[in-house]
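J.: Structure file target-v1.cif (mmCIF, C-alpha atoms) is given on the next line.
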data_model
#
loop_
_atom_site.label_atom_id
_atom_site.label_comp_id
_atom_site.auth_asym_id
_atom_site.auth_seq_id
_atom_site.Cartn_x
_atom_site.Cartn_y
_atom_site.Cartn_z
CA MET A 1 0.00 0.00 0.00
CA SER A 2 1.58 3.29 -1.05
CA ARG A 3 1.46 6.46 1.00
CA LEU A 4 1.49 10.10 -0.05
CA HIS A 5 4.85 11.43 1.16
CA CYS A 6 5.65 15.14 1.45
CA SER A 7 9.10 16.25 2.47
CA LEU A 8 9.66 19.47 4.38
CA SER A 9 10.94 21.15 1.20
CA ASP A 10 7.78 20.04 -0.68
CA THR A 11 5.62 21.46 2.09
CA LEU A 12 7.52 24.74 2.06
CA THR A 13 7.26 24.95 -1.73
CA LEU A 14 3.50 24.41 -1.60
CA PHE A 15 3.21 26.99 1.18
CA SER A 16 5.27 29.48 -0.84
CA LEU A 17 3.06 29.02 -3.90
CA LEU A 18 -0.11 29.48 -1.85
CA PHE A 19 1.37 32.53 -0.15
CA CYS A 20 2.31 34.10 -3.49
CA PHE A 21 -1.16 33.40 -4.88
CA PHE A 22 -2.93 35.02 -1.94
CA PHE A 23 -0.42 37.89 -1.80
CA PHE A 24 -0.94 38.90 -5.41
CA SER A 25 -4.69 38.35 -5.14
CA LEU A 26 -4.78 40.80 -2.27
CA PHE A 27 -2.15 43.07 -3.78
CA PHE A 28 -3.79 43.63 -7.13
CA GLY A 29 -7.32 42.43 -6.41
CA PHE A 30 -9.49 40.45 -8.78
CA THR A 31 -10.60 42.56 -11.72
CA ALA A 32 -12.93 41.40 -14.43
CA GLY A 33 -11.21 40.96 -17.77
CA PHE A 34 -11.84 43.58 -20.43
CA ASN A 35 -14.38 42.64 -23.08
CA LEU A 36 -12.15 43.03 -26.14
CA THR A 37 -12.53 42.31 -29.84
CA THR A 38 -9.27 41.08 -31.34
CA LEU A 39 -8.05 41.37 -34.93
CA SER A 40 -5.96 39.17 -37.13
CA PHE A 41 -2.69 40.74 -38.22
CA ASP A 42 -3.80 41.41 -41.80
CA GLU A 43 -7.08 42.99 -40.63
CA GLY A 44 -5.37 45.84 -38.85
CA TYR A 45 -1.62 45.91 -39.40
CA GLY A 46 1.21 45.70 -41.89
CA PRO A 47 5.02 45.38 -41.83
CA LEU A 48 7.02 48.47 -40.87
CA PHE A 49 10.62 47.32 -41.43
CA GLY A 50 12.68 44.14 -41.36
CA ASP A 51 10.05 42.18 -43.30
CA GLY A 52 12.16 39.02 -43.24
CA ASN A 53 12.22 39.17 -39.43
CA LEU A 54 8.44 39.52 -39.12
CA VAL A 55 6.88 36.06 -38.91
CA ARG A 56 3.09 35.61 -38.96
CA SER A 57 1.50 32.54 -37.39
CA PRO A 58 -0.32 30.14 -39.76
CA ASP A 59 -3.72 31.40 -38.57
CA GLY A 60 -2.67 35.06 -38.89
CA HIS A 61 -3.64 35.95 -35.33
CA SER A 62 -0.16 36.32 -33.88
CA VAL A 63 3.18 37.61 -35.06
CA ARG A 64 6.81 37.31 -34.02
CA LEU A 65 9.31 40.15 -34.32
CA LEU A 66 12.99 39.16 -34.52
CA LEU A 67 16.24 41.04 -34.00
CA ASP A 68 19.41 39.60 -35.48
CA VAL A 69 22.81 40.98 -36.41
CA TYR A 70 21.38 42.40 -39.65
CA THR A 71 18.17 44.12 -38.58
CA GLY A 72 15.35 44.47 -36.12
CA SER A 73 11.72 44.47 -37.21
CA GLY A 74 8.38 46.10 -36.61
CA PHE A 75 4.77 46.51 -37.65
CA ILE A 76 2.33 49.41 -37.87
CA SER A 77 -1.45 49.74 -37.85
CA SER A 78 -3.05 50.15 -41.27
CA SER A 79 -4.97 53.25 -40.07
CA MET A 80 -4.37 56.23 -37.83
CA TYR A 81 -6.69 56.84 -34.90
CA GLN A 82 -8.07 59.91 -33.17
CA HIS A 83 -8.18 58.40 -29.66
CA GLY A 84 -8.51 54.71 -28.92
CA PHE A 85 -7.60 51.64 -26.93
CA PHE A 86 -4.49 49.88 -28.24
CA SER A 87 -3.60 46.52 -26.77
CA ALA A 88 -1.72 43.26 -27.29
CA LYS A 89 -0.56 40.24 -25.38
CA ILE A 90 3.23 40.25 -25.55
CA LYS A 91 5.99 37.82 -24.60
CA LEU A 92 9.54 39.19 -24.51
CA PRO A 93 12.87 37.54 -25.39
CA SER A 94 14.56 35.47 -22.67
CA ASP A 95 18.09 34.94 -21.32
CA TYR A 96 20.65 37.64 -22.23
CA THR A 97 18.72 40.63 -23.59
CA ALA A 98 20.96 43.59 -22.70
CA GLY A 99 20.78 46.52 -25.13
CA ILE A 100 17.44 45.41 -26.60
CA VAL A 101 14.30 47.53 -26.67
CA VAL A 102 10.88 46.11 -27.47
CA ALA A 103 8.44 48.98 -27.99
CA PHE A 104 4.65 49.08 -28.16
CA TYR A 105 3.53 52.63 -28.81
CA THR A 106 1.39 55.12 -30.69
CA SER A 107 2.92 57.93 -32.73
CA ASN A 108 2.41 60.24 -35.70
CA GLY A 109 6.07 61.09 -36.21
CA ASP A 110 6.00 59.94 -39.84
CA VAL A 111 3.37 62.59 -40.63
CA PHE A 112 4.12 65.39 -38.15
CA GLN A 113 7.88 65.19 -37.96
CA LYS A 114 8.40 68.41 -35.96
CA THR A 115 5.18 68.38 -33.93
CA HIS A 116 4.61 64.70 -33.32
CA ASP A 117 2.62 63.07 -30.51
CA GLU A 118 3.56 59.77 -28.88
CA LEU A 119 2.54 57.32 -26.13
CA ASP A 120 5.06 54.62 -25.23
CA PHE A 121 5.62 51.28 -23.60
CA GLU A 122 9.35 50.57 -23.92
CA PHE A 123 10.68 47.30 -22.51
CA LEU A 124 14.37 47.42 -21.63
CA GLY A 125 16.46 44.24 -21.81
CA ASN A 126 19.05 43.18 -19.26
CA ILE A 127 22.01 40.90 -18.69
CA GLU A 128 21.26 37.24 -18.04
CA GLY A 129 19.80 36.66 -14.59
CA LYS A 130 18.57 40.25 -14.25
CA PRO A 131 14.92 41.16 -14.89
CA TRP A 132 13.40 43.10 -17.74
CA ARG A 133 12.37 46.64 -16.84
CA PHE A 134 10.15 49.04 -18.73
CA GLN A 135 9.18 52.66 -19.04
CA THR A 136 6.14 54.63 -20.11
CA ASN A 137 6.37 58.05 -21.72
CA LEU A 138 4.32 60.61 -23.62
CA TYR A 139 4.92 63.55 -25.93
CA GLY A 140 2.57 66.10 -27.39
CA ASN A 141 3.15 68.53 -30.24
CA GLY A 142 6.86 67.71 -30.51
CA SER A 143 7.60 68.26 -26.80
CA THR A 144 10.54 65.83 -26.86
CA ASN A 145 12.59 68.21 -24.70
CA ARG A 146 10.08 67.55 -21.91
CA GLY A 147 10.19 63.79 -21.57
CA ARG A 148 7.69 62.38 -19.10
CA GLU A 149 9.28 59.01 -18.34
CA GLU A 150 8.40 56.69 -15.52
CA ARG A 151 10.37 53.46 -15.04
CA TYR A 152 9.26 50.26 -13.38
CA SER A 153 10.05 46.63 -12.68
CA LEU A 154 7.43 43.86 -12.95
CA TRP A 155 5.98 41.31 -10.54
CA PHE A 156 6.42 38.51 -13.11
CA ASP A 157 8.91 37.34 -15.73
CA PRO A 158 7.60 38.78 -19.05
CA SER A 159 9.69 36.29 -21.05
CA LYS A 160 7.96 33.22 -19.58
CA GLU A 161 4.37 33.85 -20.66
CA PHE A 162 2.13 36.34 -22.41
CA HIS A 163 0.77 39.38 -20.59
CA ARG A 164 -1.52 42.10 -21.91
CA TYR A 165 -0.19 45.66 -22.27
CA SER A 166 -2.64 48.41 -23.18
CA ILE A 167 -2.74 52.15 -23.86
CA LEU A 168 -5.99 54.07 -23.50
CA TRP A 169 -6.03 57.55 -25.07
CA THR A 170 -9.07 59.82 -24.90
CA ALA A 171 -9.55 63.58 -24.94
CA LYS A 172 -9.82 63.43 -21.15
CA ASN A 173 -7.13 61.04 -20.00
CA ILE A 174 -4.43 58.49 -20.83
CA ILE A 175 -4.13 55.19 -18.94
CA PHE A 176 -1.36 52.60 -19.25
CA TYR A 177 -2.37 49.06 -18.26
CA VAL A 178 -0.47 45.85 -17.50
CA ASP A 179 -3.06 43.10 -17.77
CA GLU A 180 -6.09 44.75 -16.12
CA VAL A 181 -3.98 46.71 -13.62
CA PRO A 182 -3.75 50.45 -14.39
CA ILE A 183 -0.18 51.52 -13.66
CA ARG A 184 -0.28 55.18 -14.75
CA GLU A 185 -2.91 57.79 -15.51
CA VAL A 186 -2.39 61.22 -17.06
CA VAL A 187 -5.41 63.52 -16.86
CA ALA A 188 -5.64 66.27 -19.48
CA ASN A 189 -5.75 69.83 -18.20
CA ASP A 190 -5.58 73.29 -19.75
CA GLU A 191 -2.08 73.98 -18.40
CA MET A 192 -0.63 71.09 -20.43
CA GLY A 193 -1.71 72.83 -23.64
CA GLY A 194 -0.15 71.19 -26.69
CA ASP A 195 1.89 68.80 -24.56
CA TYR A 196 -1.19 66.57 -24.35
CA PRO A 197 -1.33 64.33 -27.46
CA SER A 198 -4.09 65.55 -29.75
CA LYS A 199 -3.45 64.47 -33.35
CA PRO A 200 -4.27 61.10 -34.98
CA MET A 201 -1.70 58.39 -34.29
CA SER A 202 -0.79 54.94 -35.58
CA LEU A 203 0.04 51.93 -33.42
CA TYR A 204 3.58 50.58 -33.70
CA ALA A 205 5.43 47.55 -32.35
CA THR A 206 9.20 47.17 -32.81
CA ILE A 207 12.29 45.34 -31.60
CA TRP A 208 15.64 47.05 -32.11
CA ASP A 209 19.23 47.48 -30.94
CA ALA A 210 19.48 50.29 -28.38
CA SER A 211 22.93 49.37 -27.07
CA SER A 212 23.83 53.03 -26.59
CA TRP A 213 21.38 53.54 -23.69
CA ALA A 214 18.93 50.71 -22.89
CA THR A 215 20.84 48.77 -20.22
CA SER A 216 22.81 50.53 -17.46
CA GLY A 217 23.13 53.65 -19.59
CA GLY A 218 24.80 51.76 -22.44
CA LYS A 219 27.26 49.78 -20.29
CA HIS A 220 25.91 46.44 -21.56
CA LYS A 221 25.48 46.00 -25.32
CA VAL A 222 23.49 43.57 -27.44
CA ASN A 223 25.36 40.27 -27.68
CA TYR A 224 24.46 38.70 -31.02
CA GLU A 225 25.79 35.31 -29.93
CA TYR A 226 22.32 34.96 -28.36
CA ALA A 227 20.48 36.02 -31.54
CA PRO A 228 17.91 35.87 -32.91
CA PHE A 229 15.97 37.66 -30.17
CA THR A 230 12.24 37.03 -30.49
CA SER A 231 9.27 38.99 -29.17
CA GLU A 232 5.77 37.62 -29.72
CA PHE A 233 2.46 39.47 -30.09
CA LYS A 234 -1.06 38.06 -30.11
CA GLU A 235 -4.70 38.98 -29.37
CA LEU A 236 -4.21 42.39 -30.99
CA VAL A 237 -6.78 45.11 -30.30
CA LEU A 238 -7.50 48.43 -32.05
CA ASP A 239 -10.57 50.20 -30.63
CA GLY A 240 -10.87 53.77 -31.88
CA CYS A 241 -11.89 56.27 -34.51
CA SER A 242 -9.77 55.84 -37.63
CA MET A 243 -9.03 59.13 -39.35
CA ASP A 244 -6.96 60.65 -42.12
CA PRO A 245 -4.52 62.98 -40.28
CA ILE A 246 -4.44 65.53 -43.10
CA GLN A 247 -8.13 65.38 -44.03
CA GLU A 248 -9.37 68.93 -44.48
CA PHE A 249 -12.93 68.21 -43.33
CA PRO A 250 -12.80 65.20 -41.00
CA ASN A 251 -16.03 63.46 -40.05
CA SER A 252 -16.24 65.04 -36.59
CA THR A 253 -19.71 63.62 -35.93
CA ALA A 254 -18.58 60.04 -36.46
CA SER A 255 -15.49 60.62 -34.30
CA SER A 256 -17.56 62.22 -31.53
CA GLU A 257 -19.86 59.20 -31.55
CA ARG A 258 -16.87 56.87 -31.47
CA ASP A 259 -15.34 58.86 -28.58
CA ALA A 260 -18.62 58.60 -26.67
CA TRP A 261 -18.63 54.83 -27.30
CA LEU A 262 -14.99 54.59 -26.19
CA GLU A 263 -15.60 56.54 -22.98
CA ASN A 264 -18.36 54.11 -21.99
CA ARG A 265 -16.07 51.09 -22.21
CA GLY A 266 -14.95 49.37 -19.01
CA TYR A 267 -11.29 50.22 -19.50
CA THR A 268 -11.90 54.01 -19.48
CA VAL A 269 -12.96 54.11 -15.83
CA ILE A 270 -10.59 53.21 -13.00
CA THR A 271 -12.62 51.57 -10.26
CA PRO A 272 -11.74 52.08 -6.56
CA GLN A 273 -10.31 48.55 -6.51
CA GLN A 274 -8.17 49.26 -9.59
CA ARG A 275 -7.03 52.59 -8.17
CA ALA A 276 -5.86 50.83 -5.02
CA ALA A 277 -4.03 48.30 -7.22
CA MET A 278 -2.39 51.15 -9.18
CA ARG A 279 -1.26 52.82 -5.97
CA LYS A 280 0.26 49.57 -4.70
CA PHE A 281 1.96 48.90 -8.03
CA ARG A 282 3.58 52.32 -7.95
CA GLN A 283 4.65 51.86 -4.33
CA HIS A 284 6.30 48.52 -5.02
CA TYR A 285 7.56 48.71 -8.61
CA MET A 286 8.12 52.31 -9.78
CA TYR A 287 11.77 53.29 -9.39
CA TYR A 288 11.91 56.55 -11.39
CA SER A 289 9.42 59.36 -11.97
CA TYR A 290 9.99 62.63 -13.77
CA CYS A 291 7.47 64.23 -11.40
CA TYR A 292 9.98 63.87 -8.55
CA ASP A 293 13.03 64.77 -10.66
CA THR A 294 13.46 68.34 -9.41
CA LEU A 295 16.96 68.61 -10.90
CA ARG A 296 15.49 68.10 -14.35
CA TYR A 297 12.24 69.97 -13.71
CA PRO A 298 12.58 72.55 -10.90
CA MET A 299 9.01 73.55 -11.71
CA THR A 300 6.73 70.52 -11.50
CA LEU A 301 4.99 69.81 -14.81
CA PRO A 302 1.25 70.58 -14.69
CA GLU A 303 -0.11 67.04 -14.97
CA CYS A 304 1.93 65.73 -12.01
CA VAL A 305 -0.04 64.83 -8.90
CA ILE A 306 2.47 64.89 -6.04
CA ASP A 307 1.87 62.38 -3.28
CA PRO A 308 3.84 63.62 -0.21
CA THR A 309 4.28 60.09 1.15
CA GLU A 310 5.43 58.81 -2.24
CA LYS A 311 7.74 61.79 -2.74
CA GLN A 312 9.70 60.92 0.42
CA ARG A 313 10.88 57.70 -1.23
CA PHE A 314 12.56 59.48 -4.17
CA ARG A 315 15.71 61.54 -4.52
CA ASP A 316 15.76 64.92 -6.25
CA THR A 317 16.97 62.98 -9.32
CA GLY A 318 13.58 61.25 -9.47
CA ARG A 319 15.16 57.89 -8.60
CA LEU A 320 14.13 55.68 -5.71
CA ILE A 321 16.17 56.20 -2.54
CA GLY A 322 18.25 53.11 -1.80
CA GLY A 323 18.09 51.74 -5.36
CA SER A 324 15.62 48.98 -6.16
CA HIS A 325 12.50 48.18 -4.15
CA ARG A 326 14.02 44.81 -3.20
CA LYS A 327 17.16 46.49 -1.87
CA GLN A 328 15.04 49.03 -0.01
CA ALA A 329 12.99 46.22 1.55
CA ARG A 330 16.18 44.46 2.68
CA ILE A 331 17.47 47.67 4.27
CA THR A 332 14.16 48.27 6.05
CA LYS A 333 14.11 44.68 7.34
CA ALA A 334 17.70 44.97 8.61
CA ARG A 335 16.87 48.21 10.41
CA ARG A 336 13.89 46.59 12.10
CA LYS A 337 16.05 43.68 13.25
CA ARG A 338 18.64 46.08 14.67
CA ARG A 339 15.96 48.06 16.50
CA SER A 340 14.42 44.85 17.84
CA ARG A 341 17.83 43.56 18.97
CA GLY A 342 18.61 46.89 20.60
CA ALA A 343 15.30 46.86 22.45
CA SER A 344 15.94 43.33 23.69
CA ILE A 345 19.39 44.25 25.01
CA SER A 346 17.95 47.34 26.71
CA ASN A 347 15.25 45.25 28.40
CA GLU A 348 17.81 42.70 29.58
CA GLN A 349 19.97 45.43 31.10
CA THR A 350 16.93 46.90 32.87
CA ASP A 351 16.11 43.49 34.38
CA MET A 352 19.65 43.05 35.73
#
Let me see whether you can do it: turn the structure in this file into structure tokens.
T.:
Amino acid sequence: MSRLHCSLSDTLTLFSLLFCFFFFSLFFGFTAGFNLTTLSFDEGYGPLFGDGNLVRSPDGHSVRLLLDVYTGSGFISSSMYQHGFFSAKIKLPSDYTAGIVVAFYTSNGDVFQKTHDELDFEFLGNIEGKPWRFQTNLYGNGSTNRGREERYSLWFDPSKEFHRYSILWTAKNIIFYVDEVPIREVVANDEMGGDYPSKPMSLYATIWDASSWATSGGKHKVNYEYAPFTSEFKELVLDGCSMDPIQEFPNSTASSERDAWLENRGYTVITPQQRAAMRKFRQHYMYYSYCYDTLRYPMTLPECVIDPTEKQRFRDTGRLIGGSHRKQARITKARRKRRSRGASISNEQTDM
């Protein structure tokens, strides 16, 4: 008769998995998935560059972008959009990825070269054993001298499985999502003026060599011994009002109706539960914010909402005090142990 045998290490592993499950359930909360309509690649997109390194799946519903020693690759939406929800499930390259950038973004730089608008997800590769990091950014009306970067780490390995990354852009606000967790919101206001993106944009996805800056400020370069580097995209979504950017008399009625439809979608409203999840994400995973970079911007930019508690955790360079969140947590834990040890010694001396 056989018996179920669990070693101590098995028990601890099971406990760790259960703990992680409940921790992330509490941390981010359970949010209902967005009701999204996906497109095949040919329905909404076309190659941008590196055609030989763009590989469609047999069913046409997913695509791989490759970077090798000869070229990167990318695709672009077939239309430009005046506001919309742009989304894809993405899996990033694994192992050594230093110097690589995988970008998922909207832009109109090909049409408005001096006054372009842009909304970015940029995933930044790393040396083997170190995690991917990413940044979000936005430009309006060519305001590239006023970058609005925020940088983050992730609570999962983005090279192991697909996760959904989404950009919502309306006349009222911009929201960046990872899965159904909002990680950043920019609310339009009059003081931003032309810095708030306002012109029709296309959706882009690219992989390219950014050895000069992507990893540790350019210290670690792309190592093509690990090539080809492959990023995968599937369940692509384009919800918005397609528009000719240079149309003299655009169909404003149709776009207004589409905007009204867009603003009634579930992803345009951040629920209290999602807002709490966003706050916790930023507390645990954001390690740079331009809003706290007073050396770069002595006058806070108008869309920044300064949280006094959050501000205390950042230097005047906008970077997290003490480096990474993990390092900061280790320092905090060590301080608590020292205080606890000191209190114990003090109590012992009092009892003597």
J.: At a cut-off of 9 Å around the point (-1.7, 53.5, -36.9) (file coordinates), what residues fall inside when counting all atoms listed in the file? I'd like the answer as a PyMOL selection string.
T.: chain A and resi 44-45+76-81+106-108+200-204+242
J.: Step by step, work through what the PyMOL selection byres ((chain A and resi 264-267) around 12) selects in the shown file, and finish by giving those residues as a PyMOL selection string.
T.: chain A and resi 31-36+84-87+166-170+173-182+185+239-240+257-263+268-271+274
J.: Given the PyMOL selection byres ((chain A and resi 226) around 10) and the file above, list the residues it selects as JSON, numbers by chain.
T.: {"A": [68, 94, 95, 96, 97, 222, 223, 224, 225, 227, 228, 229]}
J.: Which residue is closest to A:Gly50? Choose from A:Leu301, A:Trp208, A:Val187, A:Asp157 and count all atoms listed in the file.
T.: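 The shortest atom-to-atom distance to A:Gly50 comes from A:Trp208.
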J.: Just say which residues the PyMOL selection byres ((chain A and resi 213) around 12) picks in this file, as a VMD selection string.
T.: chain A and resid 98 to 101 124 to 126 209 to 212 214 to 222
J.: How far is it from atom CA of A:Ser198 to atom CA of A:Arg282, in Å with one decimal?
T.: 26.6 Å
J.: Would you please work out which residue, of A:Arg146, A:Lys160, A:Arg313, A:Arg319, is nearest to A:Ser231 when using all atoms listed in the file?
T.: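 Looking only at the distances to A:Ser231, the closest residue turns out to be A:Lys160.
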J.: Can you take the partial stretch 288-299 of chain A, add all heavy atoms, and return it as a compact mmCIF listing (two decimals), in the coordinates of the input?
T.:
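Now in selection.txt:
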# COMPACT_ATOMS: atom_id res chain seq x y z
N TYR A 288 11.58 55.20 -10.93
CA TYR A 288 11.91 56.55 -11.39
C TYR A 288 10.63 57.25 -11.84
O TYR A 288 9.78 56.65 -12.50
CB TYR A 288 12.90 56.54 -12.57
CG TYR A 288 13.07 57.93 -13.16
CD1 TYR A 288 13.93 58.85 -12.58
CD2 TYR A 288 12.33 58.36 -14.27
CE1 TYR A 288 14.07 60.14 -13.09
CE2 TYR A 288 12.44 59.64 -14.77
CZ TYR A 288 13.32 60.53 -14.18
OH TYR A 288 13.43 61.81 -14.66
N SER A 289 10.52 58.54 -11.48
CA SER A 289 9.42 59.36 -11.97
C SER A 289 9.91 60.77 -12.24
O SER A 289 10.54 61.39 -11.38
CB SER A 289 8.27 59.40 -10.96
OG SER A 289 7.28 60.34 -11.38
N TYR A 290 9.61 61.26 -13.41
CA TYR A 290 9.99 62.63 -13.77
C TYR A 290 9.32 63.65 -12.86
O TYR A 290 9.83 64.76 -12.67
CB TYR A 290 9.63 62.92 -15.23
CG TYR A 290 8.14 63.06 -15.48
CD1 TYR A 290 7.55 64.31 -15.61
CD2 TYR A 290 7.30 61.94 -15.54
CE1 TYR A 290 6.18 64.45 -15.82
CE2 TYR A 290 5.95 62.07 -15.75
CZ TYR A 290 5.39 63.32 -15.89
OH TYR A 290 4.04 63.45 -16.08
N CYS A 291 8.18 63.29 -12.28
CA CYS A 291 7.47 64.23 -11.40
C CYS A 291 8.27 64.56 -10.15
O CYS A 291 8.08 65.62 -9.54
CB CYS A 291 6.10 63.68 -11.02
SG CYS A 291 4.89 63.70 -12.37
N TYR A 292 9.16 63.64 -9.74
CA TYR A 292 9.98 63.87 -8.55
C TYR A 292 11.42 64.25 -8.91
O TYR A 292 12.25 64.41 -8.01
CB TYR A 292 9.96 62.62 -7.66
CG TYR A 292 8.56 62.27 -7.21
CD1 TYR A 292 8.03 61.00 -7.43
CD2 TYR A 292 7.76 63.21 -6.58
CE1 TYR A 292 6.74 60.68 -7.03
CE2 TYR A 292 6.46 62.91 -6.18
CZ TYR A 292 5.96 61.65 -6.41
OH TYR A 292 4.68 61.34 -6.01
N ASP A 293 11.70 64.40 -10.19
CA ASP A 293 13.03 64.77 -10.66
C ASP A 293 13.14 66.29 -10.69
O ASP A 293 12.99 66.93 -11.74
CB ASP A 293 13.27 64.17 -12.05
CG ASP A 293 14.71 64.26 -12.49
OD1 ASP A 293 15.46 65.09 -11.92
OD2 ASP A 293 15.10 63.53 -13.42
N THR A 294 13.43 66.88 -9.52
CA THR A 294 13.46 68.34 -9.41
C THR A 294 14.74 68.93 -9.99
O THR A 294 14.80 70.14 -10.23
CB THR A 294 13.32 68.77 -7.94
OG1 THR A 294 14.32 68.12 -7.15
CG2 THR A 294 11.94 68.38 -7.40
N LEU A 295 15.76 68.11 -10.21
CA LEU A 295 16.96 68.61 -10.90
C LEU A 295 16.65 68.86 -12.37
O LEU A 295 17.10 69.84 -12.96
CB LEU A 295 18.10 67.61 -10.76
CG LEU A 295 18.63 67.37 -9.34
CD1 LEU A 295 19.81 66.40 -9.39
CD2 LEU A 295 19.05 68.68 -8.68
N ARG A 296 15.87 67.98 -12.94
CA ARG A 296 15.49 68.10 -14.35
C ARG A 296 14.36 69.11 -14.54
O ARG A 296 14.36 69.89 -15.48
CB ARG A 296 15.05 66.72 -14.84
CG ARG A 296 14.72 66.62 -16.31
CD ARG A 296 14.30 65.20 -16.62
NE ARG A 296 13.99 64.99 -18.02
CZ ARG A 296 13.45 63.87 -18.50
NH1 ARG A 296 13.17 62.87 -17.68
NH2 ARG A 296 13.21 63.74 -19.79
N TYR A 297 13.41 69.08 -13.63
CA TYR A 297 12.24 69.97 -13.71
C TYR A 297 12.04 70.70 -12.37
O TYR A 297 11.27 70.24 -11.52
CB TYR A 297 10.97 69.18 -14.06
CG TYR A 297 11.01 68.49 -15.39
CD1 TYR A 297 10.96 67.10 -15.49
CD2 TYR A 297 11.10 69.23 -16.57
CE1 TYR A 297 10.98 66.46 -16.72
CE2 TYR A 297 11.13 68.60 -17.80
CZ TYR A 297 11.08 67.23 -17.87
OH TYR A 297 11.11 66.61 -19.10
N PRO A 298 12.76 71.80 -12.16
CA PRO A 298 12.58 72.55 -10.90
C PRO A 298 11.13 72.97 -10.69
O PRO A 298 10.66 73.04 -9.54
CB PRO A 298 13.49 73.77 -11.09
CG PRO A 298 14.52 73.32 -12.09
CD PRO A 298 13.79 72.40 -13.02
N MET A 299 10.44 73.27 -11.78
CA MET A 299 9.01 73.55 -11.71
C MET A 299 8.26 72.29 -12.13
O MET A 299 8.42 71.81 -13.25
CB MET A 299 8.64 74.72 -12.63
CG MET A 299 9.26 76.05 -12.22
SD MET A 299 8.53 76.69 -10.70
CE MET A 299 6.89 77.11 -11.29
